[in-house]
Amino acid sequence: MKELFPAKQVMGFVFSLILTAVALIVYFMDMSFAAGMTILLVTAFIQAGLQLVVFMHAGETEDKGAIYTNIYYGVAMALITILGTLLCMIWGYI
Amino acid sequence: MEFFDRFAVPHPSPAIYASMVAISLTALAVIAGLTHFKKWGYLWREWLTTVDHKRIGIMYLISALLMLFRGGVDAIMLRAQLATPDAKLLDAQHYNEIFTTHGVVMILFMAMPFIMALMNFVVPLQIGARDVAFPRLNALSFWLFFMGAMLFNISFVVGGSPDAGWTSYFPLAGNDFSTSVGTNYYMIAIQIAGIGTLMTGINFMTTILKMRAPGMTMMKMPMFTWSSLVANLIIVFAFPVLTVALAMGTMDRLFGTNFFTTDNGGMDMLWANLFWVWGHPEVYILILPAFGIYSEIISTFARRNLYGYKSMVYSMVVIAAYSFLVWAHHFFTMGQGALTNSIFSITTMAIAVPTGVKIFNWLFTLYKGKIEFTTPMLYAILFIPLFTLGGVTGVMLAMSAADYQYHNTMFLVAHFHNVIIPGVVFAMLAGLTYYWPKMFGFMLNEKIGKWTAWLLSIGFILAFMPMYITGLDGQARRMYTYSESTGFGPLNMVSFIGAAIMGIGFILIVYNIYYSTRYASRDISADPWDARTLEWATHTPVPEYNFAAVPQADSIEPLWDAKKKGHVLFKDKFEKIHMPNNSGMPFIIGCIFFAWGFSFVFGLWVPLIITTIGIFVTMALRSFEKDHGHYISVEKIEETETKLRGAK
Ligand code: HEM
Ligand SMILES: [Cu+2]
């Protein structure tokens, strides 16, 4: 019975519901823009990681190396793009 | 009648009416021809529904050559207008439309499919695979590209061409300044083709990572395969940015959002930013496979293995990462401060280092090689000095302070043509000549081929070197004319002559195809260049299943090992082969996408909703379809093999 019950997935599902609820708080509570954005960003990234690992089974097959390399590369590129854009359009714009 | 007014061209000229007539006549002729020779069934069974990577490659090739001519005619018109001061051949509006179309067509609908053509045809063969990882997706990629390209191409006769440049900067591209549907075409046609490209990226990454022949580790992959892997990696990370930017642009134009407007919280510079976040990696998507082709050709005709294989691979991987770090060099003059510009200047200059490593590796490969001057090799040898010149002017442009002088002048135009033409176009023509015998079973004529290479190079030098000078003297880019007192006249005339010589070169390519089809010997071996990698280890024409038995690779040059060192390529006996079935679905989805795009461009909401539903229905149908492919029996393989071996 234990092998049949997808405990990891159910836990993952509950956790992602919690994350959604936490994100929703931002809408209902009166908080500063910075605090709201921080909560949204943090929950969004955990949520995305959860999806990849628990529901899309990253790391469960033998091409795990290639998959994680791709993910890290993607995250790095996304960060560079966003920070670079902020640099060009806001911080370094005169 | 009012309904149909929207399809009228806002700024017509006799040339456009003539094109309408020519297009209709050609379409009629094609339909009549197909009916007369009873070829509809053949076309449908063998081409429109095919999932075979080799045929898809050939279809990409044909599209790319057609688009080369479309873009080439545009180029000649631009140069003819600029040949003399105060010329009246084109007015400002037509000049705008033509350089926009020329830019988009050349980059997205000529260079990209040309690369896709070679990648499709060569990569699976080179890694010893039977097809790509997702053959049907591959067909869908092609049809989306093709329909996107066709949608873009009808713009000048239905509703009006885009005219905001191939970069389509906002606010110029917004509704206030671009009132015709032209820019809608830009946004939506490129979107459709771009989705196809993104799928190709995923498909080829999977293919190369998962389907290599036994023994072929990552560090034993041939250079073209490596370059394709890296290019597809860049596609996967860069194209989503374009997708998003185009979607935002479309919404600004059609649904009144304010992403890129100048008021209501919009940020017009964000478009330029996002465009180049995609745009700079895009140029590496084009150049890396070109480098791969040169590597194959140089090593084949220098008759030795490629010098510095590992450094070649590492430099490509480094380029892939760097290509995402430099985009702001396209708008040094648009408002960032010195710190930001300096950062991007330095990253840009740094990218010259891995590129330089590659140039030196080719030179070292040539050094002490027994060089054989075939047409592909001639292109490769011409490429090295010409491309290096383009690279050097690139480093000049990378200096942000100096860029205030170069920006938006003909100097820049000369620079990017200087890297794109000897870099990408020559590579594609070299690759075309090199792989032609494998594709079609006969060689292209060497003499005409060499004439072409020389004409293109001389034409290129005449056409673009003067532009460096007039650019430094202040001739602006995208200006439809200039006065006589500027003194730009004579050099622009030289430029026009160069463009005309290049035009002759391009016509010679077609003549060569015609001539060789008629007269070339069909009695050639499967390995006519005495090459080194697996794509030459199978028969010509390549059978549907590519390799009767799975080849074994122990080094980067398995075929060479087999020829010189007694390496056994095919160890196994024949077994039945599993192959994918043909499918009409990709073509049909492509057609629906065309109708969808057309409705979108003109804001025809009812057809848009219907076609959107149509797209989802086809996807749902695919999910429920049971298609397990088919098997080719051992007897059938033996029969094919004996027949083909006879020719060998
Ligand atoms: C026969 C060879 C070619 C000639 C004579 C030629 C000529 C020109 C001319 C005159 C312009 C416009 C300059 C201006 O007024 O701004 C232009 C722009 C451009 N060309 Fe070419 N070209 C050629 C081939 C190519 C190729 C092969 C590509 C790319 C694969 C290409 C990509 C572009 C792009 C992206 C632009 C910029 C368009 C814009 O400003 O929006 N060209 N070319
Ligand atoms: Cu760039």
# chains A, B, ... in the order shown; residues from 1 in each chain; ligands from 1
>>> interface_residues(of="chain B", to="chain A", cutoff="6 Å", atoms="only C-alpha atoms", output="number ranges by chain")
B: 335-337, 340
>>> residues_near_ligand(ligand="ligand 2", cutoff="12 Å", atoms="only C-alpha atoms and all ligand atoms", output="mmCIF file with N, CA, C and O atoms, in the first residue's frame")
data_model
loop_
_atom_site.group_PDB
_atom_site.id
_atom_site.type_symbol
_atom_site.label_atom_id
_atom_site.label_comp_id
_atom_site.auth_asym_id
_atom_site.auth_seq_id
_atom_site.Cartn_x
_atom_site.Cartn_y
_atom_site.Cartn_z
ATOM 1 N N ASN B 273 15.023 47.189 -25.840
ATOM 2 C CA ASN B 273 15.752 46.322 -24.922
ATOM 3 C C ASN B 273 15.407 44.850 -25.161
ATOM 4 O O ASN B 273 16.286 44.018 -25.391
ATOM 5 N N PHE B 275 13.925 43.501 -27.714
ATOM 6 C CA PHE B 275 14.265 43.075 -29.075
ATOM 7 C C PHE B 275 15.711 42.610 -29.133
ATOM 8 O O PHE B 275 16.030 41.580 -29.711
ATOM 9 N N TRP B 276 16.603 43.356 -28.504
ATOM 10 C CA TRP B 276 18.015 42.994 -28.609
ATOM 11 C C TRP B 276 18.418 41.895 -27.631
ATOM 12 O O TRP B 276 19.423 41.213 -27.842
ATOM 13 N N VAL B 277 17.641 41.737 -26.551
ATOM 14 C CA VAL B 277 17.897 40.579 -25.694
ATOM 15 C C VAL B 277 17.752 39.312 -26.542
ATOM 16 O O VAL B 277 18.511 38.354 -26.408
ATOM 17 N N TRP B 278 16.798 39.332 -27.447
ATOM 18 C CA TRP B 278 16.704 38.234 -28.410
ATOM 19 C C TRP B 278 17.678 38.434 -29.560
ATOM 20 O O TRP B 278 18.348 37.500 -29.990
ATOM 21 N N GLY B 279 17.765 39.679 -30.054
ATOM 22 C CA GLY B 279 18.434 39.948 -31.322
ATOM 23 C C GLY B 279 19.907 39.628 -31.329
ATOM 24 O O GLY B 279 20.434 39.088 -32.296
ATOM 25 N N HIS B 280 20.601 39.926 -30.234
ATOM 26 C CA HIS B 280 22.015 39.607 -30.281
ATOM 27 C C HIS B 280 22.278 38.115 -30.252
ATOM 28 O O HIS B 280 23.013 37.608 -31.102
ATOM 29 N N PRO B 281 21.665 37.361 -29.336
ATOM 30 C CA PRO B 281 21.834 35.904 -29.439
ATOM 31 C C PRO B 281 21.458 35.373 -30.828
ATOM 32 O O PRO B 281 22.089 34.462 -31.345
ATOM 33 N N GLU B 282 20.454 35.992 -31.442
ATOM 34 C CA GLU B 282 20.041 35.551 -32.779
ATOM 35 C C GLU B 282 21.214 35.579 -33.763
ATOM 36 O O GLU B 282 21.371 34.659 -34.565
ATOM 37 N N VAL B 283 22.047 36.603 -33.695
ATOM 38 C CA VAL B 283 23.143 36.628 -34.668
ATOM 39 C C VAL B 283 24.113 35.471 -34.412
ATOM 40 O O VAL B 283 24.721 34.952 -35.342
ATOM 41 N N TYR B 284 24.209 35.033 -33.157
ATOM 42 C CA TYR B 284 25.062 33.868 -32.893
ATOM 43 C C TYR B 284 24.388 32.577 -33.301
ATOM 44 O O TYR B 284 25.059 31.611 -33.667
ATOM 45 N N ILE B 285 23.050 32.572 -33.254
ATOM 46 C CA ILE B 285 22.335 31.409 -33.769
ATOM 47 C C ILE B 285 22.680 31.243 -35.249
ATOM 48 O O ILE B 285 22.816 30.140 -35.757
ATOM 49 N N TYR B 322 28.192 34.224 -23.474
ATOM 50 C CA TYR B 322 28.457 35.642 -23.709
ATOM 51 C C TYR B 322 27.391 36.292 -24.568
ATOM 52 O O TYR B 322 27.115 37.469 -24.425
ATOM 53 N N SER B 323 26.834 35.515 -25.501
ATOM 54 C CA SER B 323 25.914 36.140 -26.444
ATOM 55 C C SER B 323 24.714 36.745 -25.723
ATOM 56 O O SER B 323 24.029 37.587 -26.273
ATOM 57 N N PHE B 324 24.490 36.324 -24.480
ATOM 58 C CA PHE B 324 23.389 36.901 -23.717
ATOM 59 C C PHE B 324 23.826 38.092 -22.855
ATOM 60 O O PHE B 324 23.039 38.613 -22.085
ATOM 61 N N LEU B 325 25.075 38.464 -22.947
ATOM 62 C CA LEU B 325 25.579 39.493 -22.034
ATOM 63 C C LEU B 325 25.894 40.812 -22.715
ATOM 64 O O LEU B 325 26.479 41.690 -22.115
ATOM 65 N N VAL B 326 25.558 40.946 -23.973
ATOM 66 C CA VAL B 326 26.097 42.085 -24.719
ATOM 67 C C VAL B 326 25.037 42.966 -25.382
ATOM 68 O O VAL B 326 25.383 43.929 -26.042
ATOM 69 N N TRP B 327 23.756 42.633 -25.188
ATOM 70 C CA TRP B 327 22.752 43.202 -26.079
ATOM 71 C C TRP B 327 22.686 44.725 -26.110
ATOM 72 O O TRP B 327 22.333 45.306 -27.126
ATOM 73 N N ALA B 328 23.069 45.364 -24.967
ATOM 74 C CA ALA B 328 22.883 46.816 -24.930
ATOM 75 C C ALA B 328 23.813 47.550 -25.892
ATOM 76 O O ALA B 328 23.649 48.749 -26.104
ATOM 77 N N HIS B 329 24.784 46.823 -26.520
ATOM 78 C CA HIS B 329 25.642 47.542 -27.470
ATOM 79 C C HIS B 329 24.852 48.018 -28.691
ATOM 80 O O HIS B 329 25.365 48.796 -29.473
ATOM 81 N N HIS B 330 23.613 47.559 -28.830
ATOM 82 C CA HIS B 330 22.807 48.042 -29.947
ATOM 83 C C HIS B 330 22.158 49.388 -29.665
ATOM 84 O O HIS B 330 21.604 49.993 -30.578
ATOM 85 N N PHE B 331 22.198 49.828 -28.409
ATOM 86 C CA PHE B 331 21.616 51.151 -28.139
ATOM 87 C C PHE B 331 22.449 51.938 -27.136
ATOM 88 O O PHE B 331 21.916 52.551 -26.216
ATOM 89 N N PHE B 332 23.743 51.951 -27.383
ATOM 90 C CA PHE B 332 24.648 52.758 -26.569
ATOM 91 C C PHE B 332 24.221 54.228 -26.520
ATOM 92 O O PHE B 332 24.458 54.908 -25.529
ATOM 93 N N PHE B 344 28.761 47.005 -20.926
ATOM 94 C CA PHE B 344 28.417 46.290 -22.156
ATOM 95 C C PHE B 344 29.515 46.408 -23.215
ATOM 96 O O PHE B 344 29.657 45.530 -24.066
ATOM 97 N N SER B 345 30.289 47.480 -23.167
ATOM 98 C CA SER B 345 31.434 47.578 -24.079
ATOM 99 C C SER B 345 32.411 46.445 -23.814
ATOM 100 O O SER B 345 32.916 45.795 -24.727
ATOM 101 N N THR B 347 31.970 43.516 -22.156
ATOM 102 C CA THR B 347 31.488 42.178 -22.504
ATOM 103 C C THR B 347 31.546 41.980 -24.017
ATOM 104 O O THR B 347 31.888 40.902 -24.495
ATOM 105 N N THR B 348 31.220 43.041 -24.767
ATOM 106 C CA THR B 348 31.217 42.901 -26.222
ATOM 107 C C THR B 348 32.617 42.620 -26.758
ATOM 108 O O THR B 348 32.813 41.756 -27.612
ATOM 109 N N MET B 349 33.577 43.361 -26.232
ATOM 110 C CA MET B 349 34.939 43.124 -26.723
ATOM 111 C C MET B 349 35.408 41.735 -26.328
ATOM 112 O O MET B 349 36.132 41.076 -27.073
ATOM 113 N N ILE B 351 33.851 39.049 -26.306
ATOM 114 C CA ILE B 351 33.347 37.995 -27.177
ATOM 115 C C ILE B 351 34.255 37.806 -28.383
ATOM 116 O O ILE B 351 34.254 36.749 -29.026
ATOM 117 N N ALA B 352 35.070 38.815 -28.671
ATOM 118 C CA ALA B 352 35.992 38.661 -29.786
ATOM 119 C C ALA B 352 37.053 37.604 -29.484
ATOM 120 O O ALA B 352 37.641 37.023 -30.397
ATOM 121 N N GLY B 391 34.933 41.448 -38.104
ATOM 122 C CA GLY B 391 35.130 41.332 -36.667
ATOM 123 C C GLY B 391 35.855 42.539 -36.111
ATOM 124 O O GLY B 391 35.508 43.060 -35.044
ATOM 125 N N GLY B 394 33.691 45.340 -35.840
ATOM 126 C CA GLY B 394 32.793 45.074 -34.720
ATOM 127 C C GLY B 394 33.399 45.550 -33.418
ATOM 128 O O GLY B 394 32.716 46.161 -32.585
ATOM 129 N N VAL B 395 34.687 45.288 -33.232
ATOM 130 C CA VAL B 395 35.335 45.753 -32.006
ATOM 131 C C VAL B 395 35.365 47.284 -31.977
ATOM 132 O O VAL B 395 35.211 47.900 -30.927
ATOM 133 N N LEU B 397 33.021 49.155 -33.178
ATOM 134 C CA LEU B 397 31.672 49.551 -32.770
ATOM 135 C C LEU B 397 31.419 49.297 -31.292
ATOM 136 O O LEU B 397 30.557 49.927 -30.673
ATOM 137 N N ALA B 398 32.167 48.348 -30.730
ATOM 138 C CA ALA B 398 31.936 47.981 -29.336
ATOM 139 C C ALA B 398 32.374 49.072 -28.372
ATOM 140 O O ALA B 398 31.983 49.069 -27.209
ATOM 141 N N LEU B 412 27.832 51.178 -39.730
ATOM 142 C CA LEU B 412 27.218 50.029 -39.069
ATOM 143 C C LEU B 412 26.661 49.048 -40.094
ATOM 144 O O LEU B 412 26.846 47.836 -39.990
ATOM 145 N N HIS B 415 29.371 47.128 -41.455
ATOM 146 C CA HIS B 415 29.868 46.134 -40.498
ATOM 147 C C HIS B 415 29.010 44.874 -40.470
ATOM 148 O O HIS B 415 29.511 43.773 -40.601
ATOM 149 N N PHE B 416 27.701 45.027 -40.304
ATOM 150 C CA PHE B 416 26.951 43.780 -40.115
ATOM 151 C C PHE B 416 26.818 42.990 -41.403
ATOM 152 O O PHE B 416 26.780 41.765 -41.366
ATOM 153 N N VAL B 419 29.982 40.883 -41.566
ATOM 154 C CA VAL B 419 30.023 39.600 -40.861
ATOM 155 C C VAL B 419 28.988 38.624 -41.396
ATOM 156 O O VAL B 419 29.227 37.417 -41.438
#
>>> residues_near_ligand(ligand="ligand 1", cutoff="6 Å", atoms="only C-alpha atoms and all ligand atoms", output="MDAnalysis selection string")
chainID B and resid 72 75:76 78:79 99:100 103 106:107 111 165:167 417 420:421 477:479 499 502
>>> residues_around(residues="region 1-17 of chain A", least_positions_apart="6", cutoff="10 Å", atoms="only C-alpha atoms", output="tab-separated table (two decimals) with C-alpha atoms, in the first residue's frame")
chain	number	residue	atom	x	y	z
A	23	ALA	CA	0.82	34.81	-2.36
A	43	THR	CA	6.68	32.15	-3.45
A	44	ALA	CA	6.77	32.15	-7.26
A	46	ILE	CA	9.60	28.06	-4.81
A	47	GLN	CA	6.43	27.19	-6.66
A	48	ALA	CA	8.28	26.83	-9.95
A	50	LEU	CA	8.29	22.48	-6.82
A	51	GLN	CA	6.58	21.99	-10.15
A	53	VAL	CA	11.02	18.56	-9.20
A	54	VAL	CA	7.81	17.03	-7.89
A	55	PHE	CA	5.40	17.12	-10.80
>>> closest_residue(among="A:Val75, A:Met56, A:Ile39, A:Leu86", to="Met269 (chain B)", atoms="only C-alpha atoms")
A:Leu86
>>> residues_around(residues="region 122-124 of chain B", least_positions_apart="5", cutoff="9 Å", atoms="only C-alpha atoms", output="PyMOL selection string")
chain B and resi 53-54+57+117+129-132+204+207-208+211-212+224-225+228+435+535+546
>>> write_last_selection(atoms="C-alpha atoms", output="tab-separated table (two decimals), in the first residue's frame")
chain	number	residue	atom	x	y	z
B	53	HIS	CA	14.27	15.15	-41.89
B	54	LYS	CA	16.01	15.01	-45.27
B	57	GLY	CA	15.67	19.99	-45.01
B	117	ALA	CA	18.01	23.27	-44.03
B	129	ALA	CA	20.44	8.63	-36.25
B	130	ARG	CA	17.39	7.54	-38.24
B	131	ASP	CA	15.55	10.84	-37.89
B	132	VAL	CA	15.18	13.63	-35.38
B	204	PHE	CA	17.39	19.31	-32.16
B	207	THR	CA	18.07	14.73	-30.93
B	208	ILE	CA	21.70	15.59	-30.38
B	211	MET	CA	20.19	9.94	-30.37
B	212	ARG	CA	23.89	9.75	-31.12
B	224	PHE	CA	28.79	20.90	-37.18
B	225	THR	CA	26.76	18.87	-34.71
B	228	SER	CA	24.07	23.06	-34.00
B	435	TYR	CA	26.20	18.66	-49.33
B	535	GLU	CA	26.96	11.55	-43.16
B	546	ASN	CA	19.54	6.63	-43.30
>>> select_by_dssp(residues="region 18-92 of chain A", states="helix (DSSP H, G or I)", output="PyMOL selection string")
chain A and resi 18-28+33-55+64-91
>>> closest_residue(among="A:Met29, A:Ala58, A:Leu83, A:Val22", to="Ile71 (chain A)", atoms="only C-alpha atoms")
A:Ala58
>>> residues_around(residues="region 361-365 of chain B", least_positions_apart="5", cutoff="9 Å", atoms="only C-alpha atoms", output="list in words")
Tyr294, Ser295, Ile298, Ser299, Ala302, Arg304, Asn305, Leu306, Tyr307, Gly308, Tyr309, Ser311, Met312, Gly356 and Ile384 of chain B
>>> residues_around(residues="region 377-381 of chain B", least_positions_apart="6", cutoff="7 Å", atoms="only C-alpha atoms", output="list of chain:residue names")
B:Tyr294, B:Ile297, B:Ile298, B:Phe301, B:Phe426, B:Ala430, B:Ala453
>>> decode(residues="region 19-47 of chain A", atoms="N, CA, C and O atoms", output="CSV table (one decimal), in the first residue's frame")
chain,number,residue,atom,x,y,z
A,19,LEU,N,1.5,27.8,-0.8
A,19,LEU,CA,2.3,28.8,-1.4
A,19,LEU,C,1.3,29.8,-2.1
A,19,LEU,O,1.5,31.0,-2.0
A,20,THR,N,0.3,29.2,-2.7
A,20,THR,CA,-0.7,30.1,-3.4
A,20,THR,C,-1.4,31.0,-2.4
A,20,THR,O,-1.6,32.2,-2.7
A,21,ALA,N,-1.8,30.4,-1.3
A,21,ALA,CA,-2.5,31.1,-0.3
A,21,ALA,C,-1.6,32.3,0.2
A,21,ALA,O,-2.1,33.4,0.4
A,22,VAL,N,-0.3,31.9,0.5
A,22,VAL,CA,0.6,33.0,1.0
A,22,VAL,C,0.6,34.1,-0.1
A,22,VAL,O,0.6,35.3,0.3
A,23,ALA,N,0.7,33.8,-1.3
A,23,ALA,CA,0.8,34.8,-2.4
A,23,ALA,C,-0.4,35.7,-2.4
A,23,ALA,O,-0.4,36.9,-2.6
A,24,LEU,N,-1.6,35.0,-2.1
A,24,LEU,CA,-2.8,35.7,-2.1
A,24,LEU,C,-2.9,36.8,-1.0
A,24,LEU,O,-3.6,37.8,-1.2
A,25,ILE,N,-2.2,36.5,0.1
A,25,ILE,CA,-2.3,37.5,1.2
A,25,ILE,C,-1.9,38.9,0.7
A,25,ILE,O,-2.5,39.9,1.2
A,26,VAL,N,-0.9,38.9,-0.2
A,26,VAL,CA,-0.5,40.2,-0.7
A,26,VAL,C,-1.6,41.0,-1.2
A,26,VAL,O,-1.7,42.3,-1.0
A,27,TYR,N,-2.6,40.4,-1.8
A,27,TYR,CA,-3.7,41.1,-2.3
A,27,TYR,C,-4.6,41.7,-1.2
A,27,TYR,O,-5.1,42.8,-1.3
A,28,PHE,N,-4.8,40.8,-0.2
A,28,PHE,CA,-5.8,41.2,0.8
A,28,PHE,C,-5.2,42.1,1.9
A,28,PHE,O,-5.9,42.8,2.6
A,29,MET,N,-3.9,42.0,2.1
A,29,MET,CA,-3.3,42.8,3.2
A,29,MET,C,-2.8,44.1,2.7
A,29,MET,O,-2.4,44.2,1.5
A,30,ASP,N,-2.7,45.0,3.5
A,30,ASP,CA,-2.2,46.3,3.1
A,30,ASP,C,-0.7,46.4,3.4
A,30,ASP,O,-0.3,46.7,4.5
A,31,MET,N,0.1,46.1,2.5
A,31,MET,CA,1.6,46.1,2.8
A,31,MET,C,2.3,47.0,1.7
A,31,MET,O,1.7,47.3,0.7
A,32,SER,N,3.6,47.3,2.0
A,32,SER,CA,4.3,48.1,1.1
A,32,SER,C,4.6,47.4,-0.2
A,32,SER,O,4.5,46.2,-0.3
A,33,PHE,N,4.8,48.1,-1.3
A,33,PHE,CA,5.1,47.5,-2.6
A,33,PHE,C,6.3,46.5,-2.5
A,33,PHE,O,6.2,45.4,-3.0
A,34,ALA,N,7.3,47.0,-1.8
A,34,ALA,CA,8.5,46.1,-1.7
A,34,ALA,C,8.2,44.8,-1.0
A,34,ALA,O,8.6,43.7,-1.5
A,35,ALA,N,7.5,44.9,0.1
A,35,ALA,CA,7.2,43.7,0.9
A,35,ALA,C,6.4,42.8,0.0
A,35,ALA,O,6.6,41.6,-0.1
A,36,GLY,N,5.4,43.3,-0.7
A,36,GLY,CA,4.5,42.5,-1.5
A,36,GLY,C,5.3,41.8,-2.6
A,36,GLY,O,5.1,40.6,-2.8
A,37,MET,N,6.1,42.6,-3.3
A,37,MET,CA,6.9,42.0,-4.4
A,37,MET,C,7.8,40.9,-3.9
A,37,MET,O,8.0,39.9,-4.5
A,38,THR,N,8.4,41.1,-2.7
A,38,THR,CA,9.3,40.1,-2.2
A,38,THR,C,8.5,38.8,-2.0
A,38,THR,O,9.0,37.7,-2.4
A,39,ILE,N,7.4,38.9,-1.3
A,39,ILE,CA,6.6,37.7,-1.1
A,39,ILE,C,6.2,37.0,-2.4
A,39,ILE,O,6.4,35.8,-2.5
A,40,LEU,N,5.8,37.8,-3.3
A,40,LEU,CA,5.4,37.2,-4.6
A,40,LEU,C,6.5,36.5,-5.3
A,40,LEU,O,6.4,35.4,-5.8
A,41,LEU,N,7.7,37.2,-5.3
A,41,LEU,CA,8.8,36.6,-6.0
A,41,LEU,C,9.3,35.3,-5.3
A,41,LEU,O,9.5,34.3,-6.0
A,42,VAL,N,9.4,35.4,-4.0
A,42,VAL,CA,9.9,34.2,-3.3
A,42,VAL,C,8.9,33.0,-3.5
A,42,VAL,O,9.3,31.9,-3.9
A,43,THR,N,7.6,33.3,-3.3
A,43,THR,CA,6.7,32.2,-3.5
A,43,THR,C,6.7,31.7,-4.9
A,43,THR,O,6.6,30.5,-5.1
A,44,ALA,N,6.8,32.6,-5.9
A,44,ALA,CA,6.8,32.2,-7.3
A,44,ALA,C,7.9,31.2,-7.6
A,44,ALA,O,7.8,30.2,-8.2
A,45,PHE,N,9.1,31.6,-7.1
A,45,PHE,CA,10.3,30.7,-7.4
A,45,PHE,C,10.2,29.4,-6.7
A,45,PHE,O,10.5,28.3,-7.3
A,46,ILE,N,9.7,29.4,-5.5
A,46,ILE,CA,9.6,28.1,-4.8
A,46,ILE,C,8.6,27.2,-5.6
A,46,ILE,O,8.8,26.0,-5.8
A,47,GLN,N,7.5,27.9,-5.9
A,47,GLN,CA,6.4,27.2,-6.7
A,47,GLN,C,7.0,26.6,-8.0
A,47,GLN,O,6.7,25.4,-8.3
